[in-house]
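For reference, input27.txt (compact mmCIF, C-alpha atoms):
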# COMPACT_ATOMS: atom_id res chain seq x y z
CA MET A 62 -14.92 -5.54 20.56
CA ILE A 63 -13.67 -2.42 18.83
CA PRO A 64 -13.50 0.30 21.50
CA PRO A 65 -14.33 3.97 20.87
CA ARG A 66 -11.64 5.76 18.87
CA THR A 67 -10.12 9.07 19.93
CA THR A 68 -9.14 10.59 16.60
CA ARG A 69 -10.69 13.73 15.22
CA GLN A 70 -13.21 13.36 12.42
CA ILE A 71 -12.31 14.37 8.88
CA TYR A 72 -14.35 14.20 5.68
CA ILE A 73 -13.71 12.69 2.27
CA ARG A 74 -16.46 14.56 0.49
CA ASP A 75 -19.44 13.43 2.62
CA LEU A 76 -17.75 10.33 4.10
CA PRO A 77 -16.72 10.85 7.74
CA ILE A 78 -13.47 9.19 8.83
CA GLY A 79 -12.36 9.00 12.44
CA GLY A 80 -14.07 9.74 15.72
CA ASN A 81 -17.27 7.72 16.06
CA ALA A 82 -17.71 7.16 12.31
CA PRO A 83 -17.92 3.58 11.02
CA ILE A 84 -14.60 2.12 9.88
CA ALA A 85 -14.50 2.61 6.11
CA VAL A 86 -13.19 -0.19 3.87
CA GLN A 87 -11.50 0.76 0.62
CA SER A 88 -9.46 -0.73 -2.19
CA MET A 89 -7.55 0.22 -5.32
CA ALA A 90 -8.30 -0.34 -8.99
CA ALA A 91 -5.98 -2.99 -10.39
CA THR A 92 -5.92 -1.82 -14.01
CA PRO A 93 -3.90 0.92 -15.72
CA THR A 94 -5.96 4.07 -15.28
CA SER A 95 -5.63 4.95 -18.97
CA ASP A 96 -7.39 1.68 -19.86
CA LEU A 97 -10.87 3.12 -19.55
CA LYS A 98 -12.84 -0.05 -20.20
CA ALA A 99 -10.89 -2.09 -17.66
CA THR A 100 -10.88 0.65 -15.02
CA ARG A 101 -14.63 1.21 -15.39
CA GLU A 102 -15.05 -2.49 -14.64
CA GLN A 103 -12.80 -2.23 -11.59
CA ILE A 104 -14.90 0.62 -10.21
CA ARG A 105 -18.04 -1.44 -10.81
CA ILE A 106 -16.57 -4.51 -9.06
CA LEU A 107 -15.40 -2.54 -6.03
CA GLU A 108 -18.63 -0.58 -5.68
CA ALA A 109 -20.65 -3.81 -5.88
CA ALA A 110 -18.50 -5.31 -3.11
CA GLY A 111 -19.24 -2.34 -0.85
CA ALA A 112 -16.12 -0.16 -1.16
CA ALA A 113 -16.50 3.19 0.58
CA LEU A 114 -13.61 4.66 -1.42
CA ILE A 115 -11.80 3.64 -4.60
CA ARG A 116 -8.17 4.59 -5.19
CA ILE A 117 -6.46 4.82 -8.55
CA ALA A 118 -2.91 5.77 -9.52
CA VAL A 119 -2.02 8.69 -11.77
CA ASP A 120 1.44 8.85 -13.27
CA THR A 121 0.98 10.55 -16.66
CA LYS A 122 -1.15 13.10 -18.49
CA ALA A 123 -2.91 10.16 -20.20
CA ASP A 124 -3.93 8.91 -16.77
CA VAL A 125 -5.27 12.37 -15.91
CA GLU A 126 -7.39 12.48 -19.05
CA ALA A 127 -8.74 9.01 -18.31
CA LEU A 128 -9.53 10.12 -14.77
CA ARG A 129 -11.43 13.10 -16.16
CA ILE A 130 -13.67 10.78 -18.18
CA LEU A 131 -14.14 8.35 -15.29
CA ARG A 132 -15.08 11.19 -12.96
CA SER A 133 -17.85 12.22 -15.36
CA GLU A 134 -19.22 8.68 -15.36
CA THR A 135 -19.29 7.79 -11.66
CA ASP A 136 -20.24 9.37 -8.39
CA ALA A 137 -18.00 6.98 -6.45
CA LEU A 138 -15.63 8.53 -3.94
CA ILE A 139 -12.24 8.52 -5.64
CA SER A 140 -8.80 8.80 -4.10
CA VAL A 141 -5.83 9.40 -6.34
CA ASP A 142 -2.40 7.93 -5.68
CA LEU A 143 0.24 10.44 -6.73
CA GLN A 144 3.37 8.74 -7.94
CA GLU A 145 6.74 10.44 -8.23
CA ASN A 146 5.38 13.57 -9.95
CA TYR A 147 3.82 15.57 -7.15
CA ARG A 148 2.93 18.36 -9.61
CA LEU A 149 0.10 16.20 -10.95
CA ALA A 150 -1.81 17.19 -7.81
CA ALA A 151 -2.89 20.36 -9.62
CA ASP A 152 -4.42 18.32 -12.46
CA VAL A 153 -6.17 15.68 -10.36
CA ALA A 154 -7.43 17.71 -7.39
CA PRO A 155 -10.50 19.03 -9.29
CA LEU A 156 -11.44 15.44 -10.17
CA VAL A 157 -11.07 13.50 -6.91
CA ASP A 158 -12.07 13.48 -3.27
CA LYS A 159 -8.75 12.58 -1.67
CA ILE A 160 -5.07 12.81 -2.61
CA ARG A 161 -2.52 10.34 -1.30
CA TYR A 162 1.16 11.21 -1.42
CA ASN A 163 4.14 9.15 -0.29
CA PRO A 164 6.81 11.17 1.56
CA GLY A 165 9.39 8.70 0.27
CA HIS A 166 8.77 9.79 -3.32
CA LEU A 167 9.01 13.56 -2.91
CA HIS A 168 12.77 13.70 -3.48
CA HIS A 169 12.61 12.41 -7.06
CA HIS A 170 11.55 15.63 -8.86
CA GLU A 171 12.68 19.25 -8.59
CA LYS A 172 15.47 18.56 -6.15
CA SER A 173 16.13 22.27 -5.76
CA LEU A 174 12.88 22.58 -3.81
CA SER A 175 12.50 21.47 -0.20
CA VAL A 176 10.12 18.70 0.84
CA ARG A 177 8.06 21.28 2.72
CA GLU A 178 7.63 23.36 -0.44
CA LYS A 179 6.38 20.29 -2.31
CA VAL A 180 4.00 19.39 0.50
CA ALA A 181 2.72 22.99 0.51
CA PHE A 182 1.97 22.67 -3.21
CA ILE A 183 -0.07 19.49 -2.63
CA VAL A 184 -1.87 21.11 0.30
CA ASP A 185 -2.75 24.20 -1.73
CA CYS A 186 -4.25 22.02 -4.48
CA ALA A 187 -6.23 19.97 -1.97
CA ARG A 188 -7.48 23.01 -0.09
CA GLU A 189 -8.64 24.77 -3.27
CA HIS A 190 -10.74 21.80 -4.38
CA GLY A 191 -11.94 20.44 -1.05
CA CYS A 192 -9.88 17.24 -1.10
CA ALA A 193 -8.72 15.28 1.90
CA ILE A 194 -5.07 14.16 2.05
CA ARG A 195 -3.53 10.87 3.07
CA ILE A 196 0.10 10.93 4.14
CA GLY A 197 1.06 7.42 3.03
CA VAL A 198 4.35 6.21 4.52
CA ASN A 199 5.72 2.83 3.38
CA ALA A 200 8.64 0.92 4.88
CA GLY A 201 9.75 -0.06 1.39
CA SER A 202 10.19 3.52 0.21
CA ILE A 203 11.63 5.41 3.14
CA ALA A 204 12.68 8.98 2.34
CA PRO A 205 16.51 9.24 2.09
CA GLU A 206 16.91 11.65 5.00
CA TYR A 207 15.14 9.23 7.35
CA LYS A 208 17.17 6.28 6.11
CA GLU A 209 20.30 8.26 6.93
CA ARG A 210 19.05 9.30 10.37
CA PHE A 211 17.65 5.94 11.50
CA GLY A 212 19.76 3.38 9.66
CA GLU A 213 18.35 -0.10 10.19
CA ASP A 214 15.60 1.16 12.50
CA HIS A 215 12.96 1.18 9.76
CA THR A 216 10.07 1.40 12.21
CA GLY A 217 11.55 4.44 13.90
CA ALA A 218 12.12 6.03 10.49
CA ILE A 219 8.60 5.60 9.19
CA VAL A 220 6.95 6.67 12.44
CA GLN A 221 9.05 9.82 12.68
CA CYS A 222 8.45 10.59 9.00
CA ALA A 223 4.70 10.40 9.56
CA ILE A 224 4.92 12.61 12.65
CA ASP A 225 7.00 15.20 10.82
CA HIS A 226 4.63 15.35 7.84
CA CYS A 227 1.67 15.79 10.18
CA ALA A 228 3.53 18.75 11.67
CA MET A 229 4.00 20.22 8.19
CA LEU A 230 0.28 20.01 7.43
CA ASP A 231 -0.53 21.45 10.85
CA GLU A 232 1.79 24.41 10.17
CA LEU A 233 0.06 24.89 6.83
CA GLN A 234 -3.26 24.97 8.73
CA PHE A 235 -4.63 21.98 6.85
CA VAL A 236 -6.56 19.62 9.12
CA ASN A 237 -8.48 17.36 6.72
CA TYR A 238 -5.83 14.66 6.60
CA LEU A 239 -5.08 11.14 7.81
CA VAL A 240 -2.00 8.92 7.92
CA SER A 241 -1.06 5.41 6.88
CA ILE A 242 2.09 3.61 7.98
CA LYS A 243 2.54 0.29 6.21
CA ASP A 244 4.93 -2.63 6.05
CA SER A 245 4.71 -6.17 4.70
CA ASP A 246 5.37 -7.60 8.17
CA PRO A 247 2.22 -7.35 10.31
CA ARG A 248 4.29 -7.21 13.50
CA LEU A 249 5.96 -4.01 12.31
CA VAL A 250 2.60 -2.61 11.21
CA ILE A 251 1.33 -3.16 14.76
CA GLU A 252 4.40 -1.57 16.34
CA ALA A 253 4.55 1.43 14.00
CA ASN A 254 0.86 2.30 14.22
CA THR A 255 0.79 1.85 17.99
CA ARG A 256 3.74 4.22 18.35
CA PHE A 257 2.22 6.75 15.98
CA ALA A 258 -1.17 6.64 17.70
CA ALA A 259 0.53 7.33 21.04
CA ALA A 260 2.34 10.35 19.57
CA ARG A 261 -0.63 11.73 17.59
CA PRO A 262 -3.85 10.35 19.07
CA ASP A 263 -5.83 13.01 17.22
CA VAL A 264 -4.90 11.94 13.66
CA PRO A 265 -7.12 9.40 11.87
CA ILE A 266 -5.27 6.29 10.72
CA HIS A 267 -5.64 4.23 7.56
CA LEU A 268 -4.58 0.63 8.24
CA GLY A 269 -3.01 -1.85 5.86
CA VAL A 270 -0.41 -4.57 5.54
CA THR A 271 1.23 -3.73 2.27
CA GLU A 272 2.31 -6.56 -0.04
CA ALA A 273 0.47 -9.05 2.18
CA GLY A 274 0.50 -11.45 -0.76
CA MET A 275 -1.81 -14.22 -1.90
CA PRO A 276 -4.64 -15.79 0.06
CA PRO A 277 -4.71 -17.44 2.50
CA ASP A 278 -1.38 -16.18 3.87
CA GLY A 279 -2.13 -12.58 2.86
CA ILE A 280 -5.41 -12.68 4.76
CA ILE A 281 -3.71 -14.17 7.83
CA LYS A 282 -1.03 -11.46 7.84
CA THR A 283 -3.70 -8.77 7.55
CA ARG A 284 -5.85 -10.31 10.27
CA ILE A 285 -2.87 -10.44 12.67
CA ALA A 286 -2.35 -6.68 12.34
CA PHE A 287 -5.99 -5.63 12.26
CA GLU A 288 -7.00 -7.74 15.27
CA GLN A 289 -4.29 -6.20 17.42
CA LEU A 290 -4.83 -2.61 16.27
CA LEU A 291 -8.61 -2.33 15.90
CA SER A 292 -9.13 -4.02 19.27
CA ARG A 293 -7.03 -1.20 20.80
CA GLY A 294 -9.09 1.51 19.11
CA ILE A 295 -6.44 2.16 16.46
CA GLY A 296 -7.66 2.41 12.87
CA ASP A 297 -10.37 4.51 11.19
CA THR A 298 -10.29 3.18 7.64
CA LEU A 299 -8.54 0.19 6.10
CA ARG A 300 -7.52 -1.69 3.01
CA VAL A 301 -6.81 -5.39 2.61
CA SER A 302 -4.01 -5.74 0.02
CA LEU A 303 -4.11 -9.11 -1.72
CA THR A 304 -2.42 -10.46 -4.83
CA VAL A 305 -5.46 -11.66 -6.76
CA PRO A 306 -6.61 -11.59 -10.40
CA PHE A 307 -8.07 -8.28 -11.54
CA ALA A 308 -11.58 -9.74 -11.67
CA ASP A 309 -11.37 -10.76 -8.00
CA LYS A 310 -10.57 -7.35 -6.49
CA GLY A 311 -13.89 -7.33 -4.67
CA MET A 312 -12.35 -9.96 -2.37
CA GLU A 313 -10.32 -7.22 -0.66
CA ILE A 314 -13.53 -5.44 0.35
CA GLU A 315 -15.30 -8.63 1.41
CA VAL A 316 -12.35 -9.72 3.56
CA GLY A 317 -12.06 -6.26 5.13
CA LEU A 318 -15.72 -6.07 6.04
CA GLY A 319 -15.58 -9.60 7.42
CA LEU A 320 -12.56 -8.81 9.57
CA ILE A 321 -14.29 -5.78 11.09
CA ASP A 322 -17.37 -7.87 11.90
CA ASP A 323 -15.24 -10.63 13.45
CA ILE A 324 -13.19 -8.26 15.60
CA ASN A 325 -16.26 -6.33 16.73
CA ALA A 326 -17.91 -9.60 17.73
CA GLY A 327 -14.79 -10.84 19.53
CA ARG A 328 -14.10 -13.61 17.01
CA PHE A 329 -10.30 -13.73 17.05
CA ARG A 330 -8.22 -16.33 15.25
CA SER A 331 -5.05 -17.91 16.57
CA VAL A 332 -1.91 -17.49 14.50
CA PRO A 333 -0.89 -20.80 12.88
CA PRO A 334 2.12 -22.38 14.63
CA ASN A 335 5.46 -21.23 13.24
CA PHE A 336 3.66 -18.83 10.86
CA PHE A 337 6.60 -16.41 10.91
CA GLU A 338 9.18 -19.12 10.30
CA GLY A 339 10.20 -20.73 7.03
CA LEU A 340 9.43 -19.50 3.53
CA ASN A 341 7.90 -16.02 3.33
CA ILE A 342 6.53 -14.84 -0.02
CA ILE A 343 5.82 -11.12 -0.13
CA ALA A 344 3.70 -9.99 -3.08
CA CYS A 345 2.17 -6.60 -3.73
CA PRO A 346 -1.54 -6.29 -4.48
CA SER A 347 -2.60 -6.11 -8.08
CA CYS A 348 -3.15 -2.39 -8.67
CA SER A 349 -3.22 0.22 -11.42
CA ARG A 350 0.57 0.53 -11.37
CA VAL A 351 0.98 -3.05 -12.61
CA GLU A 352 2.19 -2.98 -16.22
CA ASN A 353 1.40 -6.63 -17.03
CA GLU A 354 -1.40 -8.68 -15.47
CA ARG A 355 0.86 -11.69 -15.87
CA PHE A 356 2.52 -10.49 -12.67
CA VAL A 357 -0.39 -12.00 -10.71
CA ASP A 358 0.07 -15.36 -12.45
CA LEU A 359 3.81 -15.17 -11.81
CA ALA A 360 3.26 -14.67 -8.08
CA GLN A 361 1.15 -17.83 -8.03
CA GLU A 362 3.79 -19.70 -10.06
CA VAL A 363 6.51 -18.63 -7.62
CA LYS A 364 4.42 -19.95 -4.74
CA ARG A 365 4.02 -23.33 -6.44
CA ALA A 366 7.65 -23.48 -7.57
CA THR A 367 8.96 -22.91 -4.03
CA GLU A 368 6.79 -25.41 -2.14
CA ALA A 369 9.86 -27.60 -1.54
CA HIS A 370 11.44 -24.76 0.47
CA GLN A 371 8.61 -24.26 2.99
CA ASP A 372 10.93 -24.95 5.92
CA GLU A 373 13.73 -22.64 4.75
CA ASN A 374 14.03 -19.18 6.31
CA LEU A 375 13.83 -17.54 2.93
CA THR A 376 12.02 -14.34 1.93
CA ILE A 377 11.04 -13.90 -1.72
CA ALA A 378 9.41 -10.64 -2.83
CA VAL A 379 7.37 -10.42 -6.04
CA MET A 380 6.53 -6.83 -6.98
CA GLY A 381 4.37 -5.71 -9.86
CA CYS A 382 5.63 -2.26 -10.85
CA ARG A 383 8.61 0.01 -11.38
CA VAL A 384 7.40 2.52 -8.76
CA ASN A 385 7.66 0.30 -5.69
CA GLY A 386 9.44 -2.74 -7.10
CA PRO A 387 13.07 -1.63 -6.97
CA GLY A 388 13.04 -0.34 -3.37
CA GLU A 389 10.58 -2.76 -1.84
CA THR A 390 12.56 -5.84 -2.87
CA ASP A 391 15.78 -4.65 -1.22
CA ASP A 392 15.20 -6.39 2.10
CA ALA A 393 14.18 -9.76 0.62
CA ASP A 394 16.65 -12.58 0.10
CA ILE A 395 15.47 -12.74 -3.51
CA GLY A 396 13.37 -10.10 -5.25
CA LEU A 397 11.48 -10.04 -8.52
CA TRP A 398 10.03 -6.80 -9.78
CA CYS A 399 7.98 -6.95 -12.92
CA GLY A 400 7.79 -4.62 -15.88
CA ALA A 401 5.66 -4.76 -19.00
CA LYS A 402 7.74 -7.46 -20.70
CA ARG A 403 10.60 -8.41 -18.38
CA VAL A 404 11.18 -9.38 -14.76
CA ASN A 405 14.13 -7.95 -12.85
CA LEU A 406 15.79 -10.45 -10.53
CA LYS A 407 17.60 -9.28 -7.39
CA ARG A 408 19.53 -10.85 -4.56
CA GLY A 409 19.06 -8.51 -1.66
CA PRO A 410 19.67 -5.00 -3.03
CA GLN A 411 21.94 -6.29 -5.81
CA GLU A 412 20.65 -6.64 -9.39
CA VAL A 413 21.17 -10.13 -10.85
CA GLY A 414 19.64 -9.63 -14.30
CA SER A 415 16.53 -9.05 -16.38
CA TYR A 416 14.55 -11.95 -17.86
CA THR A 417 11.37 -12.58 -19.80
CA TYR A 418 8.34 -13.95 -17.98
CA ASP A 419 9.07 -17.32 -19.58
CA GLU A 420 12.72 -17.33 -18.46
CA ILE A 421 12.36 -16.15 -14.88
CA LEU A 422 11.24 -19.29 -12.98
CA PRO A 423 14.25 -21.49 -13.89
CA ARG A 424 16.53 -18.54 -13.12
CA LEU A 425 14.77 -18.04 -9.78
CA GLN A 426 15.40 -21.68 -8.86
CA GLU A 427 19.10 -21.23 -9.59
CA GLU A 428 19.25 -18.18 -7.36
CA ILE A 429 17.43 -19.96 -4.54
CA ALA A 430 19.95 -22.78 -4.74
CA ALA A 431 22.80 -20.27 -4.63
CA VAL A 432 21.39 -18.48 -1.57
CA LEU A 433 20.88 -21.73 0.31
CA ALA A 434 24.34 -23.02 -0.67
CA SER A 435 25.90 -19.83 0.67
CA ARG A 436 24.40 -20.60 4.09
CA ALA A 437 25.67 -24.17 4.25
Output the structure of this file as structure tokens.
Amino acid sequence: MIPPRTTRQIYIRDLPIGGNAPIAVQSMAATPTSDLKATREQIRILEAAGAALIRIAVDTKADVEALRILRSETDALISVDLQENYRLAADVAPLVDKIRYNPGHLHHHEKSLSVREKVAFIVDCAREHGCAIRIGVNAGSIAPEYKERFGEDHTGAIVQCAIDHCAMLDELQFVNYLVSIKDSDPRLVIEANTRFAAARPDVPIHLGVTEAGMPPDGIIKTRIAFEQLLSRGIGDTLRVSLTVPFADKGMEIEVGLGLIDDINAGRFRSVPPNFFEGLNIIACPSCSRVENERFVDLAQEVKRATEAHQDENLTIAVMGCRVNGPGETDDADIGLWCGAKRVNLKRGPQEVGSYTYDEILPRLQEEIAAVLASRA
């Protein structure tokens, strides 16, 4: 059973989130926003699957213009994912229902301004146009000041970051906000959200296991976190993040709705034995930041190419964009982050080289062999 939740209720246009409102399931368009035909189809797929909210990313003026056209064509609730240019909030706020910003990205532009000044700018834009705000904290893109303060305590860093940004919005007298705290490890998602909910029981929470990867493992990771959190009354809206082909994005909604039904009915699943041991492939969901859909195929190819290493304690991260790829591969033994034409190979935080999509798999095998040999 999902017990009553204690958070206050906010609104994304006419959609209530928090309190006694139903748990809303959302997803993100997988296509570049400026590709109007493809993004229209994503909106159609997600609406048909039952998405309460559809998120897209905006990184350029071309994306803004595409968003303007899409807004005129659909009445779907739209959330925009601000990238590193927080100033785009002024352009997108008239066109969307919710703005998501990542505190870990606010240091990139206009370094002479404080984080609070940048947050105030986003808040002013949201307030003027009636938008809700999501403070979206990710373990793979921790703001530099929190990295310095907390060191290897990533969970402490992201929880405190979320608490501090809530305080900023409170001081700015903006109440129509919620928080997400995400990691690729469901155990850390459970810990971080439990700690945050204890500190700020009033703030609605968006749940997700970021970079959960491909089914079925990605669904298992998500279920582990959602079962533990929703059954404690933690979580007011959620997204299932899976690495699937663009045409299959509706699966994220279907899985999310199914998980809510299962948990509410007390249908819990046991974690497969030794699930957290051996090979761990982290892969981000296909989203509108991906510059080449071949990234999804590559993630599947990496899974097949590493089957012989199932018993090795090896973490391989496959990321699909330049926004999250560089930082969110740092903690993996081997990381691949994909651009439009080339794949960047990393060993821990160290760059190894850049290769074409055709070259990367043999080079990955060499790096796996090197990592394992270094442990012998």
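Between Gly296 of chain A and the candidates A:Thr92, A:Asn254, A:Asn199, A:Thr271, the tightest atom-to-atom separation, counting all atoms listed in the file, involves A:Asn254.
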Pick the closest to Pro262 of chain A from A:Val305, A:Ala286, A:Ile295, A:Ile280: which is it, counting only C-alpha atoms?
A:Ile295
Report the closest atom pair, with its distance in Å rounded to one decimal, for each residue of segment 233-286 of chain A that has an atom no farther than 12 Å from segment 80-89 of chain A; count all atoms listed in the file, sort by chain and then rising residue number, and write it as a tab-separated table.
residue	atom	partner	partner_atom	distance
A:Pro262	CA	A:Gly80	CA	10.8
A:Asp263	CA	A:Gly80	CA	9.0
A:Val264	CA	A:Gly80	CA	9.7
A:Pro265	CA	A:Gly80	CA	8.0
A:Ile266	CA	A:Ile84	CA	10.3
A:His267	CA	A:Ala85	CA	9.1
A:Leu268	CA	A:Val86	CA	9.7
A:Gly269	CA	A:Gln87	CA	10.3
A:Thr271	CA	A:Ser88	CA	12.0
Residues near Met275 of chain A, cut-off 12 Å, only C-alpha atoms, skip fewer than 6 positions along chain, as a ChimeraX atom specification:
/A:281-283,301-306,309,312-313,341-347,357-365,378-379
Box for segment 387-395 of chain A: with edges along x, y and z, all listed atoms inside and 8 Å added on each side, what are the centre and edge lengths in Å to one decimal, as AutoDock Vina command-line options?
--center_x 13.6 --center_y -6.5 --center_z -2.4 --size_x 22.1 --size_y 28.4 --size_z 25.1
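Using all atoms listed in the file, the nearest neighbour of Arg300 of chain A within the list A:Arg284, A:Arg74, A:Arg188, A:Arg148 is A:Arg284.
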